[in-house]
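A short worksheet on the structure shown next.
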Protein chains: 2
Amino acid sequence: MSVPEQLASYRASIDNIDAALVHLLAERFKITQAVGRFKAEAGLDASDPGREDEQIARLRALAEESGLDPGFTESFLRFIVSEVIRHHEAIAREQ
Amino acid sequence: MSVPEQLASYRASIDNIDAALVHLLAERFKITQAVGRFKAEAGLDASDPGREDEQIARLRALAEESGLDPGFTESFLRFIVSEVIRHHEAIAREQ
């Protein structure tokens, strides 16, 4: 393969993975939106630091198994959770 | 279902999705590491703004189709790409 062909092949694989990531994230936010409405109706706090600590510990372990940087994985989860909390606070304000 | 049972059920689904996300990210970084080595050997720049613009446009469209916030999706891609560029620069320094 030429240099442009090899690069295009790598990029096609990255694009396939990114499409899968977007669809999984869409599904994850559908669930966390449902959790947000459920927590607001049940009078529970939007954030739960104990749950976040458990998620981080679990994902760091999964990252190590799969060859991903655990530090990056923790930053990734915090990035997603900060978006989820923003949604939950918006839902709580609407109640 | 009681409130704790319903919450536990939602969380089990989120944990399944997060495990899938971690494994997909591990695979994505394996490919981008290969791209980093390939670019360094071919003497290509680590970053490619034209490629990033194309990825962002494509993922924003996929996000809209799947009900995900396109702005969040763009931030998500930039978050991942900044990690990839950090890896590529480290690889280029090793050459």
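The chains in the structure tokens are called A, B, ... from first to last as shown; in each chain the residues are counted from 1, and the ligands are counted from 1 in the order shown.
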Just need the residues of chain B within 10 Å of chain A, counting only C-alpha atoms, so spit them out as a PyMOL selection string.
-> chain B and resi 3+6-7+10-11+13-32+34-35+38-39+42+44+51+55+58-60+62-70+72-73+75-77+79-80+83
Residues of the last selection are to be written out with N, CA and C atoms, as a short mmCIF file (atom, residue, chain, number, x, y, z; two decimals), in the first residue's frame.
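Dumped everything to again_39.cif:
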data_model
loop_
_atom_site.label_atom_id
_atom_site.label_comp_id
_atom_site.auth_asym_id
_atom_site.auth_seq_id
_atom_site.Cartn_x
_atom_site.Cartn_y
_atom_site.Cartn_z
N VAL B 3 -37.05 2.13 44.82
CA VAL B 3 -36.14 3.17 44.33
C VAL B 3 -34.70 2.64 44.22
N GLN B 6 -34.43 0.20 41.21
CA GLN B 6 -34.51 0.87 39.90
C GLN B 6 -33.19 1.57 39.60
N LEU B 7 -32.63 2.25 40.62
CA LEU B 7 -31.37 2.96 40.43
C LEU B 7 -30.25 1.95 40.10
N TYR B 10 -30.55 0.87 36.42
CA TYR B 10 -30.00 1.90 35.52
C TYR B 10 -28.47 1.85 35.55
N ARG B 11 -27.91 1.74 36.75
CA ARG B 11 -26.46 1.80 36.89
C ARG B 11 -25.77 0.59 36.26
N SER B 13 -26.79 -0.89 33.58
CA SER B 13 -26.75 -0.60 32.13
C SER B 13 -25.64 0.39 31.81
N ILE B 14 -25.51 1.43 32.65
CA ILE B 14 -24.43 2.41 32.43
C ILE B 14 -23.07 1.73 32.53
N ASP B 15 -22.91 0.84 33.51
CA ASP B 15 -21.62 0.14 33.66
C ASP B 15 -21.31 -0.73 32.45
N ASN B 16 -22.33 -1.38 31.88
CA ASN B 16 -22.10 -2.18 30.67
C ASN B 16 -21.63 -1.29 29.51
N ILE B 17 -22.31 -0.16 29.35
CA ILE B 17 -21.93 0.75 28.26
C ILE B 17 -20.53 1.28 28.49
N ASP B 18 -20.19 1.62 29.74
CA ASP B 18 -18.84 2.15 30.02
C ASP B 18 -17.76 1.12 29.72
N ALA B 19 -18.02 -0.15 30.02
CA ALA B 19 -17.04 -1.19 29.70
C ALA B 19 -16.83 -1.25 28.18
N ALA B 20 -17.93 -1.15 27.42
CA ALA B 20 -17.82 -1.15 25.96
C ALA B 20 -17.03 0.08 25.48
N LEU B 21 -17.30 1.24 26.08
CA LEU B 21 -16.58 2.47 25.70
C LEU B 21 -15.08 2.31 25.95
N VAL B 22 -14.71 1.76 27.12
CA VAL B 22 -13.29 1.60 27.46
C VAL B 22 -12.62 0.67 26.44
N HIS B 23 -13.30 -0.43 26.09
CA HIS B 23 -12.68 -1.36 25.14
C HIS B 23 -12.56 -0.75 23.74
N LEU B 24 -13.56 0.02 23.33
CA LEU B 24 -13.46 0.68 22.03
C LEU B 24 -12.35 1.73 22.03
N LEU B 25 -12.24 2.47 23.14
CA LEU B 25 -11.17 3.48 23.22
C LEU B 25 -9.80 2.82 23.19
N ALA B 26 -9.66 1.67 23.88
CA ALA B 26 -8.38 0.96 23.86
C ALA B 26 -8.02 0.59 22.43
N GLU B 27 -9.01 0.11 21.67
CA GLU B 27 -8.76 -0.27 20.28
C GLU B 27 -8.45 0.96 19.44
N ARG B 28 -9.18 2.06 19.68
CA ARG B 28 -8.92 3.30 18.93
C ARG B 28 -7.49 3.79 19.16
N PHE B 29 -7.02 3.74 20.40
CA PHE B 29 -5.66 4.22 20.68
C PHE B 29 -4.61 3.26 20.10
N LYS B 30 -4.92 1.98 20.02
CA LYS B 30 -3.99 1.07 19.34
C LYS B 30 -3.79 1.51 17.89
N ILE B 31 -4.90 1.88 17.24
CA ILE B 31 -4.80 2.31 15.83
C ILE B 31 -4.07 3.66 15.74
N THR B 32 -4.42 4.60 16.61
CA THR B 32 -3.77 5.92 16.50
C THR B 32 -2.29 5.84 16.88
N ALA B 34 -0.43 3.28 16.05
CA ALA B 34 0.14 2.79 14.78
C ALA B 34 0.24 3.94 13.78
N VAL B 35 -0.79 4.79 13.73
CA VAL B 35 -0.75 5.96 12.83
C VAL B 35 0.40 6.88 13.23
N PHE B 38 3.57 5.40 12.03
CA PHE B 38 3.56 5.47 10.56
C PHE B 38 3.86 6.89 10.08
N LYS B 39 3.21 7.89 10.70
CA LYS B 39 3.44 9.29 10.31
C LYS B 39 4.88 9.71 10.59
N ALA B 42 7.07 8.20 8.00
CA ALA B 42 6.85 8.80 6.68
C ALA B 42 7.17 10.29 6.68
N LEU B 44 5.50 12.67 8.21
CA LEU B 44 4.28 13.50 8.18
C LEU B 44 4.08 14.18 9.54
N ARG B 51 -8.14 17.01 8.49
CA ARG B 51 -8.72 15.72 8.92
C ARG B 51 -9.62 15.93 10.14
N GLN B 55 -13.59 15.05 10.61
CA GLN B 55 -14.09 14.16 11.66
C GLN B 55 -15.19 14.84 12.47
N ARG B 58 -18.46 15.08 10.49
CA ARG B 58 -19.09 13.75 10.37
C ARG B 58 -19.73 13.33 11.70
N LEU B 59 -18.99 13.55 12.81
CA LEU B 59 -19.51 13.11 14.11
C LEU B 59 -20.67 13.98 14.58
N ARG B 60 -20.65 15.26 14.23
CA ARG B 60 -21.80 16.11 14.58
C ARG B 60 -23.05 15.60 13.87
N LEU B 62 -23.61 12.47 12.81
CA LEU B 62 -23.98 11.20 13.46
C LEU B 62 -24.65 11.45 14.81
N ALA B 63 -24.16 12.45 15.53
CA ALA B 63 -24.74 12.79 16.83
C ALA B 63 -26.19 13.22 16.66
N GLU B 64 -26.43 14.07 15.67
CA GLU B 64 -27.81 14.55 15.45
C GLU B 64 -28.75 13.39 15.14
N GLU B 65 -28.28 12.48 14.29
CA GLU B 65 -29.10 11.29 13.96
C GLU B 65 -29.43 10.45 15.19
N SER B 66 -28.45 10.35 16.11
CA SER B 66 -28.61 9.41 17.23
C SER B 66 -29.10 10.09 18.51
N GLY B 67 -29.42 11.40 18.41
CA GLY B 67 -30.01 12.09 19.57
C GLY B 67 -28.99 12.55 20.60
N LEU B 68 -27.72 12.68 20.19
CA LEU B 68 -26.67 13.16 21.08
C LEU B 68 -26.42 14.64 20.76
N ASP B 69 -26.07 15.44 21.78
CA ASP B 69 -25.79 16.86 21.59
C ASP B 69 -24.54 17.02 20.69
N PRO B 70 -24.69 17.64 19.49
CA PRO B 70 -23.52 17.78 18.60
C PRO B 70 -22.39 18.57 19.24
N PHE B 72 -21.56 18.62 22.41
CA PHE B 72 -20.86 17.71 23.32
C PHE B 72 -19.97 16.76 22.52
N THR B 73 -20.50 16.27 21.40
CA THR B 73 -19.75 15.31 20.57
C THR B 73 -18.46 15.94 20.04
N SER B 75 -16.80 18.40 21.52
CA SER B 75 -15.88 18.50 22.68
C SER B 75 -15.25 17.13 22.96
N PHE B 76 -16.06 16.09 22.85
CA PHE B 76 -15.59 14.73 23.09
C PHE B 76 -14.47 14.37 22.11
N LEU B 77 -14.69 14.65 20.82
CA LEU B 77 -13.65 14.32 19.83
C LEU B 77 -12.38 15.14 20.11
N PHE B 79 -11.33 16.23 22.90
CA PHE B 79 -10.72 15.66 24.11
C PHE B 79 -9.85 14.44 23.73
N ILE B 80 -10.40 13.57 22.89
CA ILE B 80 -9.67 12.36 22.47
C ILE B 80 -8.48 12.73 21.58
N GLU B 83 -5.40 13.93 23.30
CA GLU B 83 -4.63 12.82 23.86
C GLU B 83 -3.82 12.12 22.75
#
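Note that the spacing between atom CA of A:Val84 and atom CA of A:Gln33 amounts to 7.8 Å.
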